[in-house]
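Colleague: A single structure is presented below for examination.
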There are 2 protein chains.
Amino acid sequence: MTQTATAPRLRIKLRLEYDSPLILGPGKAELLSRIARLGSISAAAREMGMSYKRAWTLVEEMNMAFADPVIDSARGGAGGGGATVTPTGEKVLVHYRALETLLREAGAENLHALNALLRPESS
Amino acid sequence: MTQTATAPRLRIKLRLEYDSPLILGPGKAELLSRIARLGSISAAAREMGMSYKRAWTLVEEMNMAFADPVIDSARGGAGGGGATVTPTGEKVLVHYRALETLLREAGAENLHALNALLRPESS
C-alpha cells in the first residue's frame with residue numbers, strides 16, 4: 001500500500017445550513033448526483049448502501065428546503081418509480097460542487113498545513 | 001431590524017473530518033478563539049452558553065486530534081484554571097479561518113446562487 005506525501009488525510013465536509021437543519025451536505029449531494037446518473041432513487045440508495053426509506057427522507061428534505069423540488073419522482077411500487085433531477089436540482093449540485101472544488105483547490109495550502117499538524121495515525 | 005438584500009441566509013459549516021470523527025468545526029473553532037481571548041476554558045464556555053464539561057470534552061478531543069495540544073491548561077478547581085492556546089492551536093485556527101474566509105469570499109457567487117434557490121422563509 002503506497003501513500004503519497006501530498007494526499008490530504010482530512011476530509012472537508014461542506015455543510016450548508018440555515019438555522020439548525022442541514023440543507024445540503026456531502027451525503028445529500030452524493031445522493032442527488034447518483035439519482036441524476038441512475039434515474040432512480042432506489043438504485044441511487046442501493047449504490048450508497050442506504051435504505052430506500054432514508055433516501056426518500058433526504059429527497060423530501062431537499063425538496064422542502066428549496067423553492068422548487070430538486071427531484072421529480074414517481075413514487076411507484078415497492079421498487080420505486082423513476083426519478084429525475086430538476087433544473088433547480090442541477091443548479092444546486094453545480095454550485096455545491098463549485099464550492100467544494102474551491103476549497104479543495106484554492107484551499108489546498110491551508111488544508112495541507114492542517115494535515116501536517118494532525119497527530120500521525122496510530123495503529 | 002434591517003435586513004440587507006445580499007445577506008446570505010445560508011450558513012456554511014466547514015467541517016474537517018478524518019474518517020468519521022469531527023476534528024474541527026465551527027463550534028470547536030469558536031471555542032478555541034474564545035479561550036485565546038479570555039485565557040480560560042470556563043469563561044469561554046460561559047460566553048458560548050456551553051457547560052464546562054462539554055467545553056472540556058471538546059478541548060480534549062482537539063488536543064488528541066493534533067500531534068501537539070492546541071490548548072495548554074491547568075485544570076484547577078471548580079472554576080477551572082487558566083488556559084492558553086498553544087502555537088499549534090494558533091496555527092490550526094489561522095488555517096481554519098482562512099478556509100472559511102475563502103468560502104465566504106471566493107465562494108460568494110455560488111453561495112448567493114444557492115440562497116436564491118432556497119424556499120422563501122415561511123411564517
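Chain labels A, B, ... are given in the sequence in which chains occur in the C-alpha cells; within each chain residues are numbered consecutively from 1, and ligands are likewise numbered from 1 in the order shown.
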Using only C-alpha atoms, which residues of chain A come within 9 Å of chain B, and what is the closest atom pair for each, with the distance in Å to one decimal? Give it as CSV, sorted by chain and residue number.
Modeller:
```
residue,atom,partner,partner_atom,distance
A:Arg9,CA,B:Tyr18,CA,6.4
A:Leu10,CA,B:Tyr18,CA,4.9
A:Arg11,CA,B:Glu17,CA,5.0
A:Ile12,CA,B:Leu16,CA,4.6
A:Lys13,CA,B:Arg15,CA,4.8
A:Leu14,CA,B:Leu14,CA,5.1
A:Arg15,CA,B:Lys13,CA,4.8
A:Leu16,CA,B:Ile12,CA,4.6
A:Glu17,CA,B:Arg11,CA,5.0
A:Tyr18,CA,B:Leu10,CA,4.9
A:Asp19,CA,B:Arg11,CA,7.6
A:Ile23,CA,B:Leu10,CA,8.6
A:Met64,CA,B:Arg119,CA,7.4
A:Ala65,CA,B:Arg119,CA,5.7
A:Phe66,CA,B:Leu118,CA,4.0
A:Ala67,CA,B:Arg119,CA,3.6
A:Asp68,CA,B:Arg119,CA,7.3
A:Thr88,CA,B:Leu117,CA,7.2
A:Lys91,CA,B:Leu114,CA,8.0
A:Val92,CA,B:Leu114,CA,6.2
A:Val94,CA,B:Asn110,CA,8.6
A:His95,CA,B:Asn110,CA,5.1
A:Tyr96,CA,B:Asn110,CA,7.4
A:Ala98,CA,B:Asn110,CA,7.1
A:Leu99,CA,B:Gly107,CA,6.0
A:Leu102,CA,B:Gly107,CA,7.2
A:Leu103,CA,B:Leu103,CA,6.9
A:Ala106,CA,B:Leu102,CA,7.7
A:Gly107,CA,B:Leu99,CA,6.0
A:Glu109,CA,B:His95,CA,8.7
A:Asn110,CA,B:His95,CA,5.1
A:Leu111,CA,B:His95,CA,7.3
A:Ala113,CA,B:His95,CA,7.2
A:Leu114,CA,B:Val92,CA,6.2
A:Asn115,CA,B:Phe66,CA,8.9
A:Ala116,CA,B:Ala67,CA,8.7
A:Leu117,CA,B:Phe66,CA,5.7
A:Leu118,CA,B:Phe66,CA,4.0
A:Arg119,CA,B:Ala67,CA,3.6
A:Pro120,CA,B:Ala67,CA,6.7
```
Colleague: Generate a file of the selected residues that holds N, CA and C atoms, formatted as a compact mmCIF listing (two decimals), in the first residue's frame.
Modeller:
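This is the output file part.txt:
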```
# COMPACT_ATOMS: atom_id res chain seq x y z
N ARG A 9 -5.27 13.92 4.23
CA ARG A 9 -5.94 12.95 5.10
C ARG A 9 -7.27 13.51 5.59
N LEU A 10 -7.33 14.82 5.68
CA LEU A 10 -8.54 15.45 6.16
C LEU A 10 -9.62 15.44 5.10
N ARG A 11 -10.80 15.15 5.51
CA ARG A 11 -11.92 15.32 4.59
C ARG A 11 -12.65 16.58 4.99
N ILE A 12 -12.85 17.43 4.04
CA ILE A 12 -13.63 18.63 4.32
C ILE A 12 -15.09 18.28 4.10
N LYS A 13 -15.89 18.63 5.05
CA LYS A 13 -17.32 18.49 4.83
C LYS A 13 -17.91 19.87 4.74
N LEU A 14 -18.43 20.14 3.61
CA LEU A 14 -19.04 21.43 3.38
C LEU A 14 -20.52 21.27 3.68
N ARG A 15 -20.96 21.87 4.75
CA ARG A 15 -22.36 21.72 5.13
C ARG A 15 -23.05 23.08 5.02
N LEU A 16 -24.13 23.10 4.31
CA LEU A 16 -24.89 24.34 4.18
C LEU A 16 -26.11 24.23 5.07
N GLU A 17 -26.20 25.15 5.98
CA GLU A 17 -27.31 25.09 6.92
C GLU A 17 -28.00 26.43 6.98
N TYR A 18 -29.24 26.40 7.36
CA TYR A 18 -29.93 27.63 7.64
C TYR A 18 -30.56 27.41 8.99
N ASP A 19 -30.23 28.24 9.96
CA ASP A 19 -30.54 27.93 11.34
C ASP A 19 -29.95 26.55 11.62
N ILE A 23 -29.23 21.71 5.20
CA ILE A 23 -29.87 21.82 3.89
C ILE A 23 -29.15 20.92 2.89
N MET A 64 -38.15 20.13 0.18
CA MET A 64 -38.79 21.12 1.04
C MET A 64 -37.89 22.35 1.24
N ALA A 65 -36.59 22.14 1.20
CA ALA A 65 -35.67 23.24 1.52
C ALA A 65 -35.59 24.27 0.40
N PHE A 66 -35.79 23.80 -0.83
CA PHE A 66 -35.67 24.72 -1.95
C PHE A 66 -37.05 25.14 -2.45
N ALA A 67 -37.08 26.29 -3.09
CA ALA A 67 -38.36 26.85 -3.55
C ALA A 67 -39.04 25.90 -4.53
N ASP A 68 -38.24 25.26 -5.39
CA ASP A 68 -38.76 24.24 -6.31
C ASP A 68 -38.13 22.91 -5.96
N THR A 88 -33.65 22.95 -11.10
CA THR A 88 -33.22 23.50 -9.80
C THR A 88 -32.21 22.58 -9.14
N LYS A 91 -28.86 22.93 -10.72
CA LYS A 91 -28.18 24.17 -10.30
C LYS A 91 -27.60 24.01 -8.89
N VAL A 92 -28.40 23.45 -8.00
CA VAL A 92 -27.95 23.25 -6.62
C VAL A 92 -26.65 22.44 -6.59
N VAL A 94 -24.48 21.97 -9.04
CA VAL A 94 -23.38 22.71 -9.68
C VAL A 94 -22.73 23.68 -8.67
N HIS A 95 -23.55 24.41 -7.94
CA HIS A 95 -23.00 25.41 -7.02
C HIS A 95 -22.33 24.75 -5.81
N TYR A 96 -22.92 23.67 -5.35
CA TYR A 96 -22.32 22.94 -4.22
C TYR A 96 -20.96 22.37 -4.63
N ALA A 98 -19.05 23.44 -6.98
CA ALA A 98 -18.11 24.55 -7.20
C ALA A 98 -17.49 24.99 -5.88
N LEU A 99 -18.28 25.02 -4.83
CA LEU A 99 -17.75 25.40 -3.51
C LEU A 99 -16.77 24.34 -3.00
N LEU A 102 -13.58 24.74 -4.95
CA LEU A 102 -12.88 25.94 -4.46
C LEU A 102 -12.05 25.59 -3.22
N LEU A 103 -12.69 24.92 -2.28
CA LEU A 103 -11.99 24.53 -1.06
C LEU A 103 -10.82 23.61 -1.35
N ALA A 106 -8.26 26.03 -4.13
CA ALA A 106 -7.70 27.26 -3.55
C ALA A 106 -7.38 27.06 -2.06
N GLY A 107 -8.04 26.10 -1.44
CA GLY A 107 -7.80 25.88 -0.02
C GLY A 107 -6.72 24.84 0.26
N GLU A 109 -3.51 24.74 0.27
CA GLU A 109 -2.37 25.08 1.13
C GLU A 109 -2.77 25.04 2.62
N ASN A 110 -3.90 25.63 2.94
CA ASN A 110 -4.36 25.61 4.33
C ASN A 110 -4.72 24.19 4.79
N LEU A 111 -5.31 23.43 3.87
CA LEU A 111 -5.65 22.05 4.21
C LEU A 111 -4.41 21.22 4.49
N ALA A 113 -1.55 22.35 5.45
CA ALA A 113 -0.96 22.83 6.71
C ALA A 113 -1.68 22.21 7.91
N LEU A 114 -3.00 22.13 7.82
CA LEU A 114 -3.76 21.50 8.90
C LEU A 114 -3.42 20.02 9.01
N ASN A 115 -3.34 19.37 7.86
CA ASN A 115 -2.95 17.96 7.83
C ASN A 115 -1.64 17.71 8.55
N ALA A 116 -0.70 18.61 8.28
CA ALA A 116 0.64 18.43 8.85
C ALA A 116 0.63 18.57 10.37
N LEU A 117 -0.38 19.22 10.89
CA LEU A 117 -0.47 19.40 12.35
C LEU A 117 -1.18 18.24 13.04
N LEU A 118 -1.82 17.39 12.26
CA LEU A 118 -2.57 16.28 12.84
C LEU A 118 -1.66 15.26 13.49
N ARG A 119 -2.20 14.60 14.46
CA ARG A 119 -1.49 13.50 15.08
C ARG A 119 -1.29 12.40 14.06
N PRO A 120 -0.10 11.87 13.93
CA PRO A 120 0.10 10.76 12.98
C PRO A 120 -0.82 9.61 13.36
```
Colleague: Taking only stretch 32-71 of chain B into account, list the residues labelled alpha helix (DSSP H) by DSSP (computed from the backbone), as a list in words.
Modeller: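 Going through stretch 32-71 of chain B, the alpha helix (DSSP H) residues come out as Leu32, Ser33, Arg34, Ile35, Ala36, Arg37, Leu38, Ile41, Ser42, Ala43, Ala44, Ala45, Arg46, Glu47, Tyr52, Lys53, Arg54, Ala55, Trp56, Thr57, Leu58, Val59, Glu60, Glu61, Met62, Asn63, Met64 and Ala65 of chain B.
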Colleague: State, in Å with one decimal place, the distance from atom CA of B:Val85 to atom CA of B:Ala36.
Modeller: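 For atom CA of B:Val85 relative to atom CA of B:Ala36, the distance reads 5.4 Å.
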Colleague: Just how far from atom CA of A:Glu105 is atom CA of A:Arg34, in Å to one decimal?
Modeller: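 Answer for the atom CA of A:Arg34 to atom CA of A:Glu105 separation: 23.5 Å.
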Colleague: Just the strand (DSSP E) stuff from stretch 14-79 of chain B, please, per backbone DSSP, written as a list in words.
Modeller: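 So, restricting stretch 14-79 of chain B to strand (DSSP E), we get Leu14, Arg15, Leu16, Glu17, Leu22, Ile23, Leu24, Ile71, Asp72 and Ser73 of chain B.
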Colleague: Can you spit out the residues from that selection as a short mmCIF file (atom, residue, chain, number, x, y, z; two decimals), in the first residue's frame, using N, CA, C and O atoms?
Modeller:
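Wrote it out as again_33.cif, contents follow:
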```
data_model
loop_
_atom_site.label_atom_id
_atom_site.label_comp_id
_atom_site.auth_asym_id
_atom_site.auth_seq_id
_atom_site.Cartn_x
_atom_site.Cartn_y
_atom_site.Cartn_z
N LEU B 14 -18.03 24.52 7.79
CA LEU B 14 -16.84 23.88 7.28
C LEU B 14 -16.40 22.87 8.32
O LEU B 14 -15.99 23.23 9.42
N ARG B 15 -16.55 21.63 8.00
CA ARG B 15 -16.20 20.58 8.95
C ARG B 15 -15.01 19.79 8.44
O ARG B 15 -15.03 19.30 7.32
N LEU B 16 -14.01 19.69 9.23
CA LEU B 16 -12.85 18.91 8.85
C LEU B 16 -12.90 17.59 9.60
O LEU B 16 -12.95 17.57 10.82
N GLU B 17 -12.93 16.54 8.86
CA GLU B 17 -13.05 15.22 9.47
C GLU B 17 -11.97 14.32 8.92
O GLU B 17 -11.48 14.51 7.84
N LEU B 22 -15.30 14.16 13.95
CA LEU B 22 -15.12 15.57 13.63
C LEU B 22 -13.84 16.07 14.29
O LEU B 22 -13.67 15.98 15.50
N ILE B 23 -12.95 16.58 13.50
CA ILE B 23 -11.72 17.14 14.05
C ILE B 23 -11.93 18.61 14.40
O ILE B 23 -11.56 19.07 15.48
N LEU B 24 -12.51 19.32 13.49
CA LEU B 24 -12.69 20.75 13.70
C LEU B 24 -13.93 21.22 12.96
O LEU B 24 -14.11 20.92 11.79
N ILE B 71 -4.49 23.41 23.28
CA ILE B 71 -4.76 24.19 24.49
C ILE B 71 -3.86 23.67 25.60
O ILE B 71 -3.76 22.47 25.81
N ASP B 72 -3.26 24.59 26.29
CA ASP B 72 -2.45 24.25 27.44
C ASP B 72 -3.22 24.77 28.65
O ASP B 72 -3.48 25.97 28.77
N SER B 73 -3.59 23.86 29.52
CA SER B 73 -4.47 24.28 30.61
C SER B 73 -4.04 23.72 31.95
O SER B 73 -3.45 22.66 32.04
#
```
